[in-house]
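Content type PDB, C-alpha atoms and all ligand atoms, from the file run.pdb:
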```pdb
MODEL        1
ATOM      1  CA  MET A   1      17.071   3.050  -7.786
ATOM      2  CA  LEU A   2      17.143   1.985  -4.119
ATOM      3  CA  LYS A   3      20.568   3.580  -3.862
ATOM      4  CA  ASP A   4      19.588   6.871  -5.531
ATOM      5  CA  ASP A   5      16.392   7.127  -3.499
ATOM      6  CA  VAL A   6      18.203   6.409  -0.217
ATOM      7  CA  ILE A   7      20.952   8.972  -0.891
ATOM      8  CA  ALA A   8      18.403  11.583  -1.971
ATOM      9  CA  GLY A   9      16.040  10.875   0.958
ATOM     10  CA  LEU A  10      18.741  11.023   3.625
ATOM     11  CA  SER A  11      20.025  14.294   2.163
ATOM     12  CA  LEU A  12      16.736  16.100   2.867
ATOM     13  CA  PRO A  13      16.405  18.450   5.882
ATOM     14  CA  GLN A  14      13.745  16.034   7.212
ATOM     15  CA  LYS A  15      15.366  12.721   6.332
ATOM     16  CA  ALA A  16      12.936  10.376   4.590
ATOM     17  CA  LEU A  17      12.837   6.983   2.866
ATOM     18  CA  PRO A  18      10.117   5.794   0.442
ATOM     19  CA  PRO A  19       7.822   3.127   1.976
ATOM     20  CA  LYS A  20       7.826   1.023  -1.204
ATOM     21  CA  TYR A  21      11.262  -0.263  -0.086
ATOM     22  CA  PHE A  22       9.771  -2.009   2.958
ATOM     23  CA  TYR A  23       8.806  -4.953   0.792
ATOM     24  CA  ASP A  24      11.897  -7.076   0.245
ATOM     25  CA  ALA A  25      11.522 -10.793   1.100
ATOM     26  CA  VAL A  26      11.934 -10.201   4.862
ATOM     27  CA  GLY A  27       9.693  -7.122   4.830
ATOM     28  CA  SER A  28       6.952  -8.836   2.828
ATOM     29  CA  ARG A  29       6.890 -11.641   5.397
ATOM     30  CA  LEU A  30       6.733  -9.124   8.255
ATOM     31  CA  PHE A  31       3.886  -7.328   6.506
ATOM     32  CA  GLU A  32       1.944 -10.603   6.267
ATOM     33  CA  ARG A  33       2.398 -10.980  10.038
ATOM     34  CA  ILE A  34       1.154  -7.404  10.558
ATOM     35  CA  CYS A  35      -2.015  -8.289   8.656
ATOM     36  CA  ARG A  36      -2.768 -11.022  11.203
ATOM     37  CA  LEU A  37      -2.126  -8.883  14.312
ATOM     38  CA  PRO A  38      -5.117  -8.291  16.588
ATOM     39  CA  GLU A  39      -4.491  -4.513  16.561
ATOM     40  CA  TYR A  40      -4.139  -4.245  12.768
ATOM     41  CA  TYR A  41      -7.837  -4.121  11.869
ATOM     42  CA  LEU A  42      -7.399  -2.967   8.237
ATOM     43  CA  THR A  43      -6.941  -6.342   6.521
ATOM     44  CA  ARG A  44      -9.767  -8.062   8.384
ATOM     45  CA  ALA A  45     -12.150  -5.128   7.922
ATOM     46  CA  GLU A  46     -11.513  -4.987   4.169
ATOM     47  CA  LEU A  47     -11.962  -8.744   3.827
ATOM     48  CA  ALA A  48     -15.199  -8.556   5.858
ATOM     49  CA  LEU A  49     -16.645  -5.781   3.693
ATOM     50  CA  THR A  50     -15.656  -7.615   0.517
ATOM     51  CA  ARG A  51     -17.442 -10.788   1.716
ATOM     52  CA  ARG A  52     -20.437  -8.805   2.864
ATOM     53  CA  HIS A  53     -20.936  -6.870  -0.381
ATOM     54  CA  ILE A  54     -19.338  -9.100  -3.009
ATOM     55  CA  GLY A  55     -22.480  -9.300  -5.158
ATOM     56  CA  SER A  56     -22.904  -5.565  -5.529
ATOM     57  CA  ILE A  57     -19.143  -4.998  -5.865
ATOM     58  CA  ALA A  58     -18.979  -7.470  -8.778
ATOM     59  CA  ARG A  59     -22.037  -5.899 -10.440
ATOM     60  CA  PHE A  60     -20.467  -2.455 -10.169
ATOM     61  CA  ALA A  61     -17.168  -3.733 -11.611
ATOM     62  CA  GLY A  62     -18.956  -5.364 -14.545
ATOM     63  CA  LYS A  63     -18.771  -9.140 -14.787
ATOM     64  CA  GLY A  64     -16.353 -10.402 -17.410
ATOM     65  CA  SER A  65     -14.281  -7.199 -17.462
ATOM     66  CA  GLU A  66     -10.500  -7.277 -17.393
ATOM     67  CA  LEU A  67      -9.284  -6.799 -13.839
ATOM     68  CA  ILE A  68      -6.176  -4.668 -13.228
ATOM     69  CA  GLU A  69      -4.878  -4.890  -9.679
ATOM     70  CA  TYR A  70      -2.240  -2.527  -8.304
ATOM     71  CA  GLY A  71      -0.084  -4.320  -5.734
ATOM     72  CA  SER A  72      -0.481  -7.941  -6.813
ATOM     73  CA  GLY A  73      -2.855  -9.775  -4.573
ATOM     74  CA  GLU A  74      -2.669 -13.435  -3.917
ATOM     75  CA  SER A  75      -4.878 -12.400  -1.034
ATOM     76  CA  LEU A  76      -8.250 -13.734  -0.007
ATOM     77  CA  LYS A  77     -10.117 -10.636  -1.139
ATOM     78  CA  THR A  78      -8.644 -10.799  -4.640
ATOM     79  CA  ARG A  79      -9.709 -14.432  -4.940
ATOM     80  CA  LEU A  80     -13.223 -13.538  -3.794
ATOM     81  CA  LEU A  81     -13.375 -10.820  -6.416
ATOM     82  CA  ILE A  82     -12.055 -13.073  -9.194
ATOM     83  CA  ARG A  83     -14.575 -15.762  -8.295
ATOM     84  CA  ALA A  84     -17.482 -13.303  -8.342
ATOM     85  CA  LEU A  85     -16.331 -11.233 -11.334
ATOM     86  CA  ARG A  86     -15.047 -14.000 -13.624
ATOM     87  CA  PRO A  87     -12.768 -11.472 -15.349
ATOM     88  CA  SER A  88     -11.699 -12.123 -18.951
ATOM     89  CA  ALA A  89      -8.117 -11.351 -17.868
ATOM     90  CA  TYR A  90      -6.296 -10.500 -14.649
ATOM     91  CA  LEU A  91      -3.408  -8.010 -14.776
ATOM     92  CA  PRO A  92      -1.532  -7.768 -11.466
ATOM     93  CA  VAL A  93       0.871  -4.789 -11.334
ATOM     94  CA  ASP A  94       3.671  -4.929  -8.766
ATOM     95  CA  ILE A  95       7.098  -3.433  -8.073
ATOM     96  CA  SER A  96       8.294  -6.741  -6.594
ATOM     97  CA  ALA A  97       9.097  -9.408  -9.195
ATOM     98  CA  ALA A  98       9.037 -12.081  -6.471
ATOM     99  CA  ALA A  99       5.595 -11.071  -5.186
ATOM    100  CA  LEU A 100       4.299 -10.947  -8.756
ATOM    101  CA  ARG A 101       5.612 -14.432  -9.536
ATOM    102  CA  ALA A 102       4.207 -15.911  -6.325
ATOM    103  CA  ALA A 103       0.775 -14.358  -6.881
ATOM    104  CA  THR A 104       0.675 -15.430 -10.537
ATOM    105  CA  GLN A 105       1.625 -19.037  -9.823
ATOM    106  CA  ARG A 106      -0.830 -19.410  -7.003
ATOM    107  CA  LEU A 107      -3.743 -17.860  -8.895
ATOM    108  CA  ALA A 108      -2.939 -19.904 -12.015
ATOM    109  CA  ARG A 109      -3.298 -23.055  -9.926
ATOM    110  CA  GLU A 110      -6.554 -21.912  -8.388
ATOM    111  CA  PHE A 111      -8.061 -20.478 -11.607
ATOM    112  CA  PRO A 112      -6.597 -22.619 -14.427
ATOM    113  CA  ARG A 113      -8.714 -20.977 -17.138
ATOM    114  CA  LEU A 114      -7.995 -17.375 -16.118
ATOM    115  CA  ARG A 115      -5.750 -15.385 -18.485
ATOM    116  CA  ILE A 116      -3.107 -13.795 -16.197
ATOM    117  CA  VAL A 117      -0.875 -11.002 -17.518
ATOM    118  CA  PRO A 118       1.662  -9.965 -14.843
ATOM    119  CA  VAL A 119       3.002  -6.410 -15.197
ATOM    120  CA  HIS A 120       6.285  -5.704 -13.419
ATOM    121  CA  ALA A 121       6.233  -1.948 -12.788
ATOM    122  CA  ASP A 122       6.574   0.791 -10.200
ATOM    123  CA  PHE A 123       3.167   2.453 -10.161
ATOM    124  CA  SER A 124       4.407   5.532  -8.345
ATOM    125  CA  ARG A 125       5.323   6.636 -11.894
ATOM    126  CA  PRO A 126       3.132   6.721 -15.038
ATOM    127  CA  LEU A 127       3.161   3.324 -16.762
ATOM    128  CA  GLU A 128       1.951   1.664 -19.945
ATOM    129  CA  LEU A 129      -0.291  -1.387 -19.719
ATOM    130  CA  PRO A 130      -0.611  -4.048 -22.431
ATOM    131  CA  ALA A 131      -3.444  -3.270 -24.880
ATOM    132  CA  SER A 132      -6.894  -4.226 -23.682
ATOM    133  CA  LYS A 133      -9.377  -6.505 -25.374
ATOM    134  CA  GLY A 134     -12.425  -5.160 -23.598
ATOM    135  CA  ARG A 135     -13.819  -3.294 -20.634
ATOM    136  CA  ARG A 136     -11.428  -2.788 -17.760
ATOM    137  CA  ILE A 137     -11.739  -2.211 -14.032
ATOM    138  CA  VAL A 138      -8.879  -1.019 -11.817
ATOM    139  CA  TYR A 139      -8.709  -2.536  -8.325
ATOM    140  CA  PHE A 140      -6.488  -0.777  -5.763
ATOM    141  CA  PRO A 141      -7.177  -2.405  -2.393
ATOM    142  CA  GLY A 142      -5.462  -2.404   0.984
ATOM    143  CA  SER A 143      -5.385   1.362   1.537
ATOM    144  CA  THR A 144      -2.095   1.394  -0.354
ATOM    145  CA  ILE A 145      -3.295   4.748  -1.725
ATOM    146  CA  GLY A 146      -2.827   6.015   1.856
ATOM    147  CA  ASN A 147       0.940   5.806   1.357
ATOM    148  CA  LEU A 148       0.723   8.573  -1.243
ATOM    149  CA  LEU A 149       0.622  12.284  -0.481
ATOM    150  CA  PRO A 150      -2.734  13.756  -1.572
ATOM    151  CA  GLU A 151      -1.070  15.316  -4.640
ATOM    152  CA  GLU A 152       0.508  11.950  -5.525
ATOM    153  CA  ALA A 153      -2.831  10.193  -5.027
ATOM    154  CA  HIS A 154      -4.349  12.772  -7.373
ATOM    155  CA  ALA A 155      -1.675  12.026  -9.993
ATOM    156  CA  PHE A 156      -2.193   8.264  -9.602
ATOM    157  CA  LEU A 157      -5.960   8.554 -10.024
ATOM    158  CA  SER A 158      -5.512  10.796 -13.076
ATOM    159  CA  MET A 159      -3.182   8.228 -14.640
ATOM    160  CA  THR A 160      -5.649   5.380 -14.122
ATOM    161  CA  ARG A 161      -8.368   7.450 -15.787
ATOM    162  CA  GLY A 162      -6.755   6.497 -19.079
ATOM    163  CA  GLN A 163      -6.773   2.794 -18.148
ATOM    164  CA  ALA A 164     -10.332   2.081 -17.091
ATOM    165  CA  THR A 165     -13.677   3.836 -16.765
ATOM    166  CA  ARG A 166     -14.364   2.316 -13.357
ATOM    167  CA  MET A 167     -12.249   1.844 -10.311
ATOM    168  CA  LEU A 168     -12.447   0.130  -6.905
ATOM    169  CA  VAL A 169     -10.255   1.717  -4.220
ATOM    170  CA  GLY A 170      -9.837   0.416  -0.661
ATOM    171  CA  VAL A 171      -9.327   3.280   1.801
ATOM    172  CA  ASP A 172      -8.836   3.240   5.557
ATOM    173  CA  LEU A 173     -11.284   5.556   7.333
ATOM    174  CA  LYS A 174     -10.560   8.275   9.890
ATOM    175  CA  LYS A 175     -11.282   7.011  13.397
ATOM    176  CA  ASP A 176     -10.363   7.235  17.084
ATOM    177  CA  ALA A 177      -6.656   8.116  17.308
ATOM    178  CA  ASN A 178      -6.180   5.429  19.992
ATOM    179  CA  VAL A 179      -7.319   2.709  17.583
ATOM    180  CA  LEU A 180      -4.945   4.048  14.934
ATOM    181  CA  HIS A 181      -2.128   4.300  17.437
ATOM    182  CA  ALA A 182      -2.532   0.669  18.504
ATOM    183  CA  ALA A 183      -2.611  -0.538  14.887
ATOM    184  CA  TYR A 184       0.837   0.975  14.219
ATOM    185  CA  ASN A 185       2.316   0.241  17.665
ATOM    186  CA  ASP A 186       1.388  -3.404  18.150
ATOM    187  CA  SER A 187       2.306  -5.111  21.402
ATOM    188  CA  ARG A 188       4.331  -7.838  19.634
ATOM    189  CA  ARG A 189       6.463  -5.138  18.016
ATOM    190  CA  VAL A 190       6.056  -6.617  14.538
ATOM    191  CA  THR A 191       5.458  -3.152  13.082
ATOM    192  CA  ALA A 192       8.662  -1.970  14.757
ATOM    193  CA  ALA A 193      10.549  -4.874  13.152
ATOM    194  CA  PHE A 194       8.937  -4.039   9.776
ATOM    195  CA  ASN A 195      10.052  -0.416  10.057
ATOM    196  CA  LEU A 196      13.584  -1.267  11.254
ATOM    197  CA  ASN A 197      14.013  -3.866   8.487
ATOM    198  CA  LEU A 198      14.366  -0.934   6.091
ATOM    199  CA  LEU A 199      17.754  -0.146   7.668
ATOM    200  CA  ALA A 200      18.771  -3.821   7.587
ATOM    201  CA  ARG A 201      17.781  -3.962   3.912
ATOM    202  CA  ILE A 202      19.926  -0.907   3.127
ATOM    203  CA  ASN A 203      22.818  -2.632   4.916
ATOM    204  CA  ARG A 204      22.270  -5.857   2.946
ATOM    205  CA  GLU A 205      21.805  -4.313  -0.464
ATOM    206  CA  LEU A 206      23.998  -1.212  -0.316
ATOM    207  CA  GLY A 207      26.634  -2.387   2.164
ATOM    208  CA  ALA A 208      25.733   0.430   4.578
ATOM    209  CA  ASP A 209      26.622   0.299   8.282
ATOM    210  CA  PHE A 210      23.363   1.228  10.031
ATOM    211  CA  ASP A 211      23.157  -0.187  13.561
ATOM    212  CA  PRO A 212      19.389  -0.878  13.811
ATOM    213  CA  ARG A 213      19.717  -1.109  17.620
ATOM    214  CA  ARG A 214      20.524   2.591  17.652
ATOM    215  CA  PHE A 215      17.200   3.516  16.043
ATOM    216  CA  ALA A 216      13.689   3.243  17.461
ATOM    217  CA  HIS A 217      10.337   2.745  15.778
ATOM    218  CA  TYR A 218       8.048   5.739  16.309
ATOM    219  CA  ALA A 219       4.489   5.985  14.943
ATOM    220  CA  PHE A 220       1.744   8.491  15.736
ATOM    221  CA  TYR A 221      -1.453   9.900  14.269
ATOM    222  CA  ASN A 222      -0.967  13.403  12.899
ATOM    223  CA  ALA A 223      -4.582  14.595  13.150
ATOM    224  CA  ALA A 224      -3.960  17.939  11.432
ATOM    225  CA  LEU A 225      -2.767  16.120   8.305
ATOM    226  CA  GLY A 226      -5.057  13.082   8.684
ATOM    227  CA  ARG A 227      -2.248  10.565   8.548
ATOM    228  CA  VAL A 228      -0.331   8.073  10.637
ATOM    229  CA  GLU A 229       3.382   8.804  10.337
ATOM    230  CA  MET A 230       6.104   6.251  10.904
ATOM    231  CA  HIS A 231       9.618   7.341  11.719
ATOM    232  CA  LEU A 232      12.913   5.778  12.765
ATOM    233  CA  VAL A 233      14.392   7.898  15.526
ATOM    234  CA  SER A 234      18.112   7.998  16.143
ATOM    235  CA  LEU A 235      18.825   7.066  19.773
ATOM    236  CA  ALA A 236      22.212   8.798  19.782
ATOM    237  CA  ARG A 237      24.337  11.251  17.892
ATOM    238  CA  GLN A 238      25.857   9.043  15.202
ATOM    239  CA  SER A 239      26.888   8.833  11.581
ATOM    240  CA  VAL A 240      26.255   6.166   8.983
ATOM    241  CA  ARG A 241      28.202   5.297   5.843
ATOM    242  CA  ILE A 242      26.383   4.348   2.630
ATOM    243  CA  ALA A 243      28.592   3.787  -0.418
ATOM    244  CA  ARG A 244      30.744   6.922  -0.606
ATOM    245  CA  HIS A 245      28.392   9.014   1.489
ATOM    246  CA  ARG A 246      28.201   9.742   5.219
ATOM    247  CA  PHE A 247      25.039  10.851   6.969
ATOM    248  CA  SER A 248      25.011  12.394  10.446
ATOM    249  CA  PHE A 249      22.164  12.027  12.915
ATOM    250  CA  ASP A 250      21.556  14.089  16.021
ATOM    251  CA  ALA A 251      20.150  12.250  19.026
ATOM    252  CA  GLY A 252      16.380  12.322  18.542
ATOM    253  CA  GLU A 253      16.554  13.116  14.823
ATOM    254  CA  SER A 254      14.202  11.011  12.701
ATOM    255  CA  ILE A 255      13.943   9.405   9.305
ATOM    256  CA  HIS A 256      10.354   9.677   8.080
ATOM    257  CA  THR A 257       9.589   6.255   6.561
ATOM    258  CA  GLU A 258       5.842   6.199   5.876
ATOM    259  CA  ASN A 259       2.613   8.133   5.730
ATOM    260  CA  SER A 260      -0.654   6.290   5.990
ATOM    261  CA  TYR A 261      -3.428   8.727   5.109
ATOM    262  CA  LYS A 262      -6.909   8.150   6.514
ATOM    263  CA  TYR A 263      -9.867   9.509   4.564
ATOM    264  CA  SER A 264     -13.495   9.985   5.560
ATOM    265  CA  VAL A 265     -15.898   9.054   2.746
ATOM    266  CA  GLU A 266     -16.313  12.765   2.003
ATOM    267  CA  ASP A 267     -12.544  13.440   2.014
ATOM    268  CA  PHE A 268     -11.883  10.660  -0.453
ATOM    269  CA  ARG A 269     -14.748  11.605  -2.759
ATOM    270  CA  ASP A 270     -13.389  15.150  -2.922
ATOM    271  CA  LEU A 271      -9.936  13.841  -3.821
ATOM    272  CA  ALA A 272     -11.391  11.521  -6.481
ATOM    273  CA  ALA A 273     -13.585  14.304  -7.912
ATOM    274  CA  ALA A 274     -10.570  16.581  -8.343
ATOM    275  CA  ALA A 275      -8.947  13.789 -10.401
ATOM    276  CA  GLY A 276     -12.031  13.329 -12.594
ATOM    277  CA  PHE A 277     -13.783  10.448 -10.827
ATOM    278  CA  ALA A 278     -17.284  10.492  -9.372
ATOM    279  CA  GLY A 279     -17.789   8.517  -6.170
ATOM    280  CA  LYS A 280     -20.691   6.315  -7.211
ATOM    281  CA  LYS A 281     -20.695   3.620  -4.527
ATOM    282  CA  VAL A 282     -19.127   3.050  -1.139
ATOM    283  CA  TRP A 283     -19.132  -0.189   0.828
ATOM    284  CA  MET A 284     -18.080  -0.617   4.466
ATOM    285  CA  ASP A 285     -17.605  -3.305   7.076
ATOM    286  CA  ARG A 286     -20.151  -3.467   9.913
ATOM    287  CA  LYS A 287     -17.863  -1.634  12.328
ATOM    288  CA  GLY A 288     -17.308   1.236   9.888
ATOM    289  CA  LEU A 289     -13.523   0.900   9.977
ATOM    290  CA  PHE A 290     -12.708   0.620   6.274
ATOM    291  CA  ALA A 291     -14.262   1.729   2.969
ATOM    292  CA  LEU A 292     -14.221   0.422  -0.586
ATOM    293  CA  HIS A 293     -15.064   3.162  -3.087
ATOM    294  CA  GLY A 294     -16.636   2.502  -6.465
ATOM    295  CA  LEU A 295     -15.526   5.347  -8.742
ATOM    296  CA  ILE A 296     -16.642   6.200 -12.274
ATOM    297  CA  ASN A 297     -14.660   8.323 -14.708
ATOM    298  CA  SER A 298     -16.733  11.506 -14.820
ATOM    299  CA  GLY A 299     -16.055  11.990 -18.510
ATOM    300  CA  SER A 300     -17.021   8.455 -19.531
ATOM    301  CA  GLY A 301     -20.782   8.946 -19.527
ATOM    302  CA  SER A 302     -21.296   5.490 -18.006
TER     303      SER A 302
HETATM  304  C1  LIG B 401       0.031  -1.532   3.140
HETATM  305  C2  LIG B 401       0.387   0.802   3.129
HETATM  306  C3  LIG B 401      -1.750  -0.059   3.732
HETATM  307  O1  LIG B 401      -0.170   1.916   5.788
HETATM  308  O2  LIG B 401      -1.281   0.499   6.986
HETATM  309  C4  LIG B 401       1.317  -1.459   7.986
HETATM  310  C5  LIG B 401       1.558  -0.566   5.576
HETATM  311  N1  LIG B 401       2.666   0.180   7.685
HETATM  312  N2  LIG B 401       1.859  -1.134   9.178
HETATM  313  C6  LIG B 401      -0.498   0.760   6.080
HETATM  314  C7  LIG B 401       1.836  -0.620   7.051
HETATM  315  C8  LIG B 401       2.685  -0.155   8.990
HETATM  316  C9  LIG B 401       0.094  -0.397   5.274
HETATM  317  N3  LIG B 401      -0.270  -0.289   3.829
ENDMDL
END
```
Could you render the structure as structure tokens?
Ligand code: AVJ
Amino acid sequence: MLKDDVIAGLSLPQKALPPKYFYDAVGSRLFERICRLPEYYLTRAELALTRRHIGSIARFAGKGSELIEYGSGESLKTRLLIRALRPSAYLPVDISAAALRAATQRLAREFPRLRIVPVHADFSRPLELPASKGRRIVYFPGSTIGNLLPEEAHAFLSMTRGQATRMLVGVDLKKDANVLHAAYNDSRRVTAAFNLNLLARINRELGADFDPRRFAHYAFYNAALGRVEMHLVSLARQSVRIARHRFSFDAGESIHTENSYKYSVEDFRDLAAAAGFAGKKVWMDRKGLFALHGLINSGSGS
């Protein structure tokens, strides 16, 4: 599927690669470093708001419910939530088998009585979850939803409507473009390494011959579309071989590797409403950088 997606993406008029492929072992480690960067406020802001509002978040989620998390979290905020919620089961859903295993093992050690049901799946497509034994809450933190186009986010929310009546979604807020720019152009160039690792991964796994030194990390806030875009820009006219395919790049031509949509509270509530969810609660950090939305399935009557 990496191969098919790479061939298809590089065949588009605007070359593009899906951001879910950032997270191989090297990329996952780079992402953890991004989360600790001074410029990358998202992780700290979401953790701060979770600490600050954990009581009301857990009450909204319903103590003792089954907790479904998209993008398996062995993270601090997930552990806070588990401690406060005491879920009857925890179902982490992740595309990466390695990440899923690591999260499961670590949480099993920390919460020996918690029933953990790992689900290895790509949630950019509809998926079936194991049958539930009770009330369920979906947790989708980290502004991962920002990677989806609005129409994809709509489809994802509609799918989860069949899985739980309530949902918690972490969403990065719109803010000063300079703050956004710094977060995706850090001075240590970790984000650049994260972006460029995608080419190295394609070399490793598909035997391609990308020269990552001939591409540059480029990230900017596209205000008209409300998203940060990441690209890899070709520094020269060149061609690259992948399996039996060749792809040509003009100097300055880019591969679009990620969108990171930013939503005001209003924007996100409108998106959720169109997918059948009412925005019931919203929690923020003190600086107003990041939001956690508490959504209720509009048809559920609860
Ligand atoms: C994990 C998708 C929320 O978009 O901010 C970090 C990934 N990309 N730096 C984000 C990312 C560049 C991140 N998400």
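The protein and nucleic acid residues lying at most 12 Å from region 245-247 of chain A are Lys3, Asp4, Val6, Ile7, Ala8, Gly9, Leu10, Ser11, Leu12, Pro13, Lys15, Leu206, Gly207, Ala208, Asp209, Phe210, Ser234, Arg237, Gln238, Ser239, Val240, Arg241, Ile242, Ala243, Phe249, Asp250, Glu253 and Ile255 of chain A, with all atoms listed in the file considered and sequence neighbours fewer than 2 positions away removed.
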Could you spell out the hits of the PyMOL selection byres (((not hetatm)) within 10 of (chain B and resi 401)) on the shown file, as a VMD selection string? chain A and resid 19 to 20 22 to 23 30 to 35 40 to 43 71 141 to 148 170 to 172 180 183 to 186 190 to 192 194 to 195 219 227 to 230 257 to 262
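For the point (3.9, -7.2, -3.8), the residues with an atom at a distance of at most 10 Å are Lys20, Tyr23, Asp24, Ala25, Ser28, Tyr70, Gly71, Ser72, Gly73, Glu74, Pro92, Val93, Asp94, Ile95, Ser96, Ala97, Ala98, Ala99, Leu100, Arg101, Ala102 and Ala103 of chain A, counting all atoms listed in the file.
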Result set of the PyMOL selection byres (((chain A and resi 289-295) around 9) and not hetatm) on the coordinates above, as a ChimeraX atom specification: /A:41-42,45-46,49-50,57,60-61,141,143,165-175,264-265,268-269,272,277-288,296-298
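Residue nearest Ser124 (chain A), chosen from A:Arg213, A:His154, A:Arg83, A:Arg106 and counting only C-alpha atoms: A:His154.
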From A:Tyr21, A:Phe156, A:Ala224, A:Pro130, residue lying nearest Ala177 (chain A) [only C-alpha atoms]: A:Ala224
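With only C-alpha atoms as the basis for measurement, A:Leu76 is the residue among A:Val26, A:Met1, A:Ala273, A:Leu76 that approaches Arg51 (chain A) most closely.
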Point-to-point distance in Å for CA of Glu69 (chain A) and CA of Ile116 (chain A): 11.2 Å
Shell of 9 Å around Leu129 (chain A), all atoms listed in the file, local chain residues under 4 positions omitted, as number ranges by chain: A: 91, 119, 163
Determine the axis-aligned bounding box of all atoms of region 280-284 of chain A present in the file, pad each side by 4 Å, and express its centre and edge lengths in Å to one decimal place as lines of an AutoDock Vina configuration file.
```
center_x = -19.4
center_y = 2.8
center_z = -1.4
size_x = 10.6
size_y = 14.9
size_z = 19.7
```
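In this structure, CA of Phe140 (chain A) sits 12.2 Å away from CA of Leu81 (chain A).
CA of Arg244 (chain A) to CA of His231 (chain A) spans 24.5 Å [interatomic distance, one decimal].
If only C-alpha atoms are the atoms counted, then among A:Leu199, A:Leu2, A:Ala223, A:Ala153 the closest residue to Arg125 (chain A) is A:Ala153.
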Select, from A:Leu196, A:Leu149, A:Val138, A:Leu107, the residue with the minimum atom-to-atom distance to Gly226 (chain A), counting only C-alpha atoms. A:Leu149
With a distance cut-off of 9 Å and all atoms listed in the file, select the neighbouring residues of Ser88 (chain A), excluding the residue or stretch itself and same-chain residues fewer than 4 positions from it, and output the selection as a PDB file with C-alpha atoms, keeping the file's coordinate frame.
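Saved as result.pdb:
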```pdb
ATOM      1  CA  LYS A  63     -18.771  -9.140 -14.787  1.00  0.00           C
ATOM      2  CA  GLY A  64     -16.353 -10.402 -17.410  1.00  0.00           C
ATOM      3  CA  SER A  65     -14.281  -7.199 -17.462  1.00  0.00           C
ATOM      4  CA  GLU A  66     -10.500  -7.277 -17.393  1.00  0.00           C
ATOM      5  CA  LEU A  67      -9.284  -6.799 -13.839  1.00  0.00           C
ATOM      6  CA  LEU A 114      -7.995 -17.375 -16.118  1.00  0.00           C
ATOM      7  CA  ARG A 115      -5.750 -15.385 -18.485  1.00  0.00           C
ATOM      8  CA  LYS A 133      -9.377  -6.505 -25.374  1.00  0.00           C
ATOM      9  CA  GLY A 134     -12.425  -5.160 -23.598  1.00  0.00           C
TER      10      GLY A 134
END
```
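Shortest separation to Val117 (chain A) among A:Leu232, A:Ile68, A:Leu17, A:Ile82 occurs at residue A:Ile68, atoms counted being all atoms listed in the file.
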